[in-house]
There are 2 protein chains.
Amino acid sequence: VNERPGPKIAALAGGVGAAKFLLGLSGIVPPEQTTIIANTGDDIELFGLHISPDIDTVMYTLAGFVSAEKGWGIEGDTFECLNWIARYGEPAWFNLGDRDLATHLYRSDQLRRGRSLTEVTDSIRRSLGIGARILPMSDQYTPTRVATEEGEMHLQEYFVRRRAEPRVRSIRFDNIDRSRPAPGVEAAILESDAVVLCPSNPFISIGPILAVPGLRQTLTRTAAMVAAVTPIVGGKALKGPAAQMLRDLGHEPTALGVARLYRDFLDLFILDETDSALAPAIEALGLRVLVTDTIMSSLEKKRHLARAVVAALDSHEGHPASH
Amino acid sequence: VNERPGPKIAALAGGVGAAKFLLGLSGIVPPEQTTIIANTGDDIELFGLHISPDIDTVMYTLAGFVSAEKGWGIEGDTFECLNWIARYGEPAWFNLGDRDLATHLYRSDQLRRGRSLTEVTDSIRRSLGIGARILPMSDQYTPTRVATEEGEMHLQEYFVRRRAEPRVRSIRFDNIDRSRPAPGVEAAILESDAVVLCPSNPFISIGPILAVPGLRQTLTRTAAMVAAVTPIVGGKALKGPAAQMLRDLGHEPTALGVARLYRDFLDLFILDETDSALAPAIEALGLRVLVTDTIMSSLEKKRHLARAVVAALDSHEGHPASH
């Protein structure tokens, strides 16, 4: 399956879309070559548990037991604990499976014992037999707060409890000014051959990572090729509220709108073939464009996309960054 | 079902045996008349959870959803979380059901937010619709440590992980000197018409309660009738290691051996009819004895025992304590 040694890759990752891409990538590049930098802006503390949904989605996917239907959580998981805790008047809107809960319990207990999120994440991914290194973007808790027409709320309240229905006015990352990139994050960006922004929401998945002090600047100064896989195809997000958020926040709800958000550090934009008409406008931003099928509806299609991205990265290997 | 107003009762309770007796009692005396003082010496902290097995067994039983087969835990509960957490190298010997976990999560979170175990216990029992007041013996964490031929261990390690197999050399209650009776405990003992020691292990269920500073003295000075229901029938505990512990710790493994442990504050001993031959020896300790069927194999038999105990208490109502 690992067809060639391939480049050393750092991948900026949100949840479901990123996990699918990374699963494809793990069949193309030896996992040990990959460092995944995961969004923790959607982390939430509930019932005293520290929950890291994006890290977990990536891990459960790479470990091979993510729920195929939902794209997150553990296949066949049950929700007995969550249903029961509602008896005590606790909010039960956040989907916490019983098996999934083991991850949160372990993580939370280890954090309380003084280990960092970086350390605990590494323990968990090793326990699950995952070869790729997985780093949280930061060891600090920087919950994403969404100001909506219904008031400000935690990202998960907006996303899960309110099903991303309220219009979004602005987004902020609590405590982000006091956060730092987790150990290893900047080195991974600087020392990899390529950095890939996975097909994730630019505001609530990639946005928090870019907002960690110093991280965006590291992306502009790395010699690595920096590529982004479009999270928008035909003006729609395949999953989640990215297109509506682009509109709500005053951006064009297309791949071009996304490319503009990254133009200061990006070299290569991977555009879906549906949107090939947007290629000239993206190239006009000073970016190279790869047009390919970005839909990841099967393992083969995930690998196809990863293979196309890796090939495009390789073809520019050794080139100086364009910025 | 509540046949008469009945006396105001304070009940010292361990786990399964106590819960069965209290379920019977709840059909005989209005639950609001009863204050249950529960052992917390078997509390354990695992994965950052504060687990109070005896409180929970009593609550789940009174709420009507205890596992009929096991006598503890929630009927039909699953163990997905526990099975999964073993992947992370965590000990999975303690039986934690997924529904049960909701209680521990809620309790632990509330404790971390600064509420006392007394307050959280009251919230939980109200949420579960339990009429009787339930107090922990103490708000302090005083884990029972068992010195065995295999070394010292937490009571739950001895009881669950090691299935009560190692011989016991001594028992101590960690932190007990710095503990205090929980708010309301001493008042309940002093202001009730009767105090009942439920049929629970004298060393690891009743013992920790009696070891809370001041509590044993309160039992000697209350004007209430103090009665104990035997946890030993025919030289055996119906459940658990009480008989073996009596032997291991140098006591007679009979109801008489138990009665001796309580003689300094006890008025009435409820003896099983199987053991009626022991009545004279127990009376010789200065105790009154009620001989009845103490086996609680059905709801009717639980009520029979409760009815017999309440009748015996009533018949002495207004009598000064004999000590």
# chains A, B, ... in the order shown; residues from 1 in each chain; ligands from 1

call {"tool": "residues_around", "arguments": {"residues": "stretch 128-135 of chain B", "least_positions_apart": "4", "cutoff": "9 Å", "atoms": "only C-alpha atoms", "output": "list in words"}}
result
Arg87 and Tyr88 of chain A; Ser26, Pro30, Pro31, Glu32, Gln33, Thr34, Thr35, Ile36, Ile37, Ala38, Ile55, Val58, Met59, Tyr60, Leu62, Ala63, Leu117, Thr118, Glu119, Thr121, Asp122, Ser123, Ile124, Ala182, Pro183, Gly184 and Val185 of chain B

call {"tool": "residues_around", "arguments": {"residues": "B:Leu82", "least_positions_apart": "6", "cutoff": "7 Å", "atoms": "only C-alpha atoms", "output": "PyMOL selection string"}}
result
(chain A and resi 102) or (chain B and resi 92+96)

call {"tool": "residues_around", "arguments": {"residues": "A:Leu197", "least_positions_apart": "4", "cutoff": "6 Å", "atoms": "only C-alpha atoms", "output": "number ranges by chain"}}
result
A: 11-12, 228

call {"tool": "write_last_selection", "arguments": {"atoms": "N, CA and C atoms", "output": "PDB file, in the first residue's frame"}}
result
ATOM      1  N   ALA A  11       0.214  17.970   8.433  1.00  0.00           N
ATOM      2  CA  ALA A  11      -1.156  18.191   7.982  1.00  0.00           C
ATOM      3  C   ALA A  11      -1.936  18.937   9.052  1.00  0.00           C
ATOM      4  N   LEU A  12      -2.531  20.061   8.654  1.00  0.00           N
ATOM      5  CA  LEU A  12      -3.408  20.792   9.572  1.00  0.00           C
ATOM      6  C   LEU A  12      -4.807  20.215   9.418  1.00  0.00           C
ATOM      7  N   ALA A 228      -3.482  23.540   0.183  1.00  0.00           N
ATOM      8  CA  ALA A 228      -4.772  23.401   0.852  1.00  0.00           C
ATOM      9  C   ALA A 228      -5.708  22.612  -0.049  1.00  0.00           C
TER      10      ALA A 228
END

call {"tool": "residues_around", "arguments": {"residues": "stretch 141-146 of chain B", "least_positions_apart": "2", "cutoff": "8 Å", "atoms": "only C-alpha atoms", "output": "count of residues only"}}
result
25

call {"tool": "interface_residues", "arguments": {"of": "chain A", "to": "chain B", "cutoff": "8 Å", "atoms": "only C-alpha atoms", "output": "PyMOL selection string"}}
result
chain A and resi 47-48+77-78+80-85+87-90+98-103+105-106+108-109+112+123-124+127-128

call {"tool": "write_last_selection", "arguments": {"atoms": "C-alpha atoms", "output": "short mmCIF file (atom, residue, chain, number, x, y, z; two decimals), in the first residue's frame"}}
result
data_model
loop_
_atom_site.label_atom_id
_atom_site.label_comp_id
_atom_site.auth_asym_id
_atom_site.auth_seq_id
_atom_site.Cartn_x
_atom_site.Cartn_y
_atom_site.Cartn_z
CA PHE A 47 -19.17 16.99 33.21
CA GLY A 48 -15.53 17.56 34.12
CA ASP A 77 -21.16 2.77 20.11
CA THR A 78 -24.06 3.12 22.55
CA GLU A 80 -26.38 4.70 27.83
CA CYS A 81 -24.32 7.04 30.02
CA LEU A 82 -25.43 10.16 28.18
CA ASN A 83 -29.09 9.17 28.35
CA TRP A 84 -28.76 8.50 32.05
CA ILE A 85 -26.92 11.67 33.00
CA ARG A 87 -31.71 12.37 34.91
CA TYR A 88 -29.40 14.52 36.99
CA GLY A 89 -30.35 17.64 35.08
CA GLU A 90 -27.15 17.70 33.05
CA ASP A 98 -20.07 4.96 25.96
CA ARG A 99 -16.87 3.69 24.30
CA ASP A 100 -15.93 7.20 23.26
CA LEU A 101 -16.31 8.19 26.91
CA ALA A 102 -13.37 5.97 27.79
CA THR A 103 -11.14 8.23 25.71
CA LEU A 105 -12.18 9.79 30.91
CA TYR A 106 -8.61 8.70 30.27
CA SER A 108 -9.23 14.08 31.51
CA ASP A 109 -7.72 12.02 34.27
CA ARG A 112 -5.59 16.39 35.92
CA SER A 123 -0.35 7.96 24.53
CA ILE A 124 -3.82 7.51 23.08
CA SER A 127 -2.62 2.74 22.32
CA LEU A 128 -4.82 2.76 19.23
#

call {"tool": "atom_distance", "arguments": {"atom1": "atom CA of B:Leu22", "atom2": "atom CA of B:Asp248"}}
result
28.8 Å

call {"tool": "select_by_dssp", "arguments": {"residues": "stretch 43-169 of chain B", "states": "strand (DSSP E or B)", "output": "list in words"}}
result
Ile44, Glu45, Leu46, Leu49, His50, Ile51, Val66, Ile74, Arg133, Ile134, Leu135, Pro136, Ser138, Thr144, Arg145, Val146, Ala147, Thr148, Gly151, Glu152, Met153, His154, Val168 and Arg169 of chain B

call {"tool": "atom_distance", "arguments": {"atom1": "atom CA of A:Ala259", "atom2": "atom CA of A:Leu305"}}
result
18.2 Å

call {"tool": "residues_around", "arguments": {"residues": "B:Gly76", "least_positions_apart": "5", "cutoff": "10 Å", "atoms": "only C-alpha atoms", "output": "list in words"}}
result
Phe65, Val66, Ser67, Ala68, Glu69, Gly97 and Arg99 of chain B

call {"tool": "residues_around", "arguments": {"residues": "B:Ser205", "least_positions_apart": "3", "cutoff": "8 Å", "atoms": "only C-alpha atoms", "output": "PyMOL selection string"}}
result
chain B and resi 13-15+39+41-42+200-202+208-209

call {"tool": "write_last_selection", "arguments": {"atoms": "all heavy atoms", "output": "JSON list (two decimals), in the first residue's frame"}}
result
[["chain", "number", "residue", "atom", "x", "y", "z"],
["B", 13, "ALA", "N", -25.96, 2.03, 57.05],
["B", 13, "ALA", "CA", -26.08, 1.13, 55.91],
["B", 13, "ALA", "C", -24.78, 0.90, 55.19],
["B", 13, "ALA", "O", -24.02, 1.83, 54.92],
["B", 13, "ALA", "CB", -27.11, 1.70, 54.93],
["B", 14, "GLY", "N", -24.55, -0.36, 54.83],
["B", 14, "GLY", "CA", -23.51, -0.70, 53.88],
["B", 14, "GLY", "C", -24.14, -0.83, 52.51],
["B", 14, "GLY", "O", -24.93, 0.02, 52.11],
["B", 15, "GLY", "N", -23.85, -1.94, 51.81],
["B", 15, "GLY", "CA", -24.30, -2.06, 50.44],
["B", 15, "GLY", "C", -25.52, -2.94, 50.24],
["B", 15, "GLY", "O", -26.63, -2.59, 50.66],
["B", 39, "ASN", "N", -22.29, 4.11, 54.49],
["B", 39, "ASN", "CA", -20.84, 3.91, 54.51],
["B", 39, "ASN", "C", -20.21, 4.52, 53.27],
["B", 39, "ASN", "O", -20.69, 4.31, 52.15],
["B", 39, "ASN", "CB", -20.55, 2.41, 54.54],
["B", 39, "ASN", "CG", -19.08, 2.09, 54.38],
["B", 39, "ASN", "OD1", -18.23, 2.80, 54.94],
["B", 39, "ASN", "ND2", -18.78, 1.06, 53.62],
["B", 41, "GLY", "N", -16.70, 4.36, 53.36],
["B", 41, "GLY", "CA", -15.35, 3.80, 53.49],
["B", 41, "GLY", "C", -14.95, 2.98, 52.27],
["B", 41, "GLY", "O", -13.77, 2.75, 52.04],
["B", 42, "ASP", "N", -15.95, 2.53, 51.51],
["B", 42, "ASP", "CA", -15.60, 1.78, 50.30],
["B", 42, "ASP", "C", -15.58, 2.67, 49.06],
["B", 42, "ASP", "O", -15.47, 2.17, 47.94],
["B", 42, "ASP", "CB", -16.55, 0.58, 50.10],
["B", 42, "ASP", "CG", -17.98, 1.01, 49.85],
["B", 42, "ASP", "OD1", -18.33, 2.16, 50.18],
["B", 42, "ASP", "OD2", -18.75, 0.19, 49.32],
["B", 200, "SER", "N", -25.21, -5.59, 57.51],
["B", 200, "SER", "CA", -24.03, -5.25, 56.70],
["B", 200, "SER", "C", -22.78, -5.74, 57.42],
["B", 200, "SER", "O", -22.78, -5.92, 58.63],
["B", 200, "SER", "CB", -23.95, -3.72, 56.52],
["B", 200, "SER", "OG", -25.08, -3.21, 55.83],
["B", 201, "ASN", "N", -21.74, -5.88, 56.66],
["B", 201, "ASN", "CA", -20.46, -6.36, 57.19],
["B", 201, "ASN", "C", -19.97, -5.45, 58.33],
["B", 201, "ASN", "O", -19.86, -4.23, 58.16],
["B", 201, "ASN", "CB", -19.44, -6.37, 56.05],
["B", 201, "ASN", "CG", -18.11, -6.97, 56.45],
["B", 201, "ASN", "OD1", -17.49, -6.55, 57.41],
["B", 201, "ASN", "ND2", -17.68, -7.97, 55.69],
["B", 202, "PRO", "N", -19.71, -6.03, 59.51],
["B", 202, "PRO", "CA", -19.34, -5.17, 60.66],
["B", 202, "PRO", "C", -17.99, -4.48, 60.51],
["B", 202, "PRO", "O", -17.76, -3.46, 61.16],
["B", 202, "PRO", "CB", -19.31, -6.15, 61.84],
["B", 202, "PRO", "CG", -19.23, -7.50, 61.25],
["B", 202, "PRO", "CD", -19.83, -7.44, 59.87],
["B", 208, "PRO", "N", -16.50, 1.35, 59.24],
["B", 208, "PRO", "CA", -16.05, 2.70, 58.89],
["B", 208, "PRO", "C", -16.97, 3.79, 59.46],
["B", 208, "PRO", "O", -16.49, 4.84, 59.90],
["B", 208, "PRO", "CB", -16.11, 2.71, 57.35],
["B", 208, "PRO", "CG", -16.03, 1.26, 56.95],
["B", 208, "PRO", "CD", -16.69, 0.50, 58.04],
["B", 209, "ILE", "N", -18.26, 3.52, 59.50],
["B", 209, "ILE", "CA", -19.20, 4.51, 60.05],
["B", 209, "ILE", "C", -18.89, 4.73, 61.53],
["B", 209, "ILE", "O", -18.80, 5.87, 62.01],
["B", 209, "ILE", "CB", -20.67, 4.06, 59.86],
["B", 209, "ILE", "CG1", -20.96, 3.78, 58.38],
["B", 209, "ILE", "CG2", -21.63, 5.11, 60.43],
["B", 209, "ILE", "CD1", -22.37, 3.24, 58.11]]

call {"tool": "atom_distance", "arguments": {"atom1": "atom CA of A:Ile206", "atom2": "atom CA of A:Phe269"}}
result
14.7 Å

call {"tool": "residues_around", "arguments": {"residues": "A:Arg263", "least_positions_apart": "6", "cutoff": "8 Å", "atoms": "only C-alpha atoms", "output": "PyMOL selection string"}}
result
chain A and resi 285-287

call {"tool": "write_last_selection", "arguments": {"atoms": "C-alpha atoms", "output": "compact mmCIF listing (two decimals), in the first residue's frame"}}
result
# COMPACT_ATOMS: atom_id res chain seq x y z
CA LEU A 285 -3.98 35.21 -6.31
CA GLY A 286 -0.47 33.93 -6.99
CA LEU A 287 -1.24 30.30 -6.18

call {"tool": "select_by_dssp", "arguments": {"residues": "stretch 70-304 of chain A", "states": "helix (DSSP H, G or I)", "output": "count of residues only"}}
result
97

call {"tool": "closest_residue", "arguments": {"among": "B:Gln244, B:Gly234, B:Ser297, B:Asp314", "to": "B:Leu278", "atoms": "only C-alpha atoms"}}
result
B:Gly234

call {"tool": "closest_residue", "arguments": {"among": "A:Leu190, A:Val120, A:Val29, A:Ala255", "to": "A:Ala224", "atoms": "only C-alpha atoms"}}
result
A:Leu190
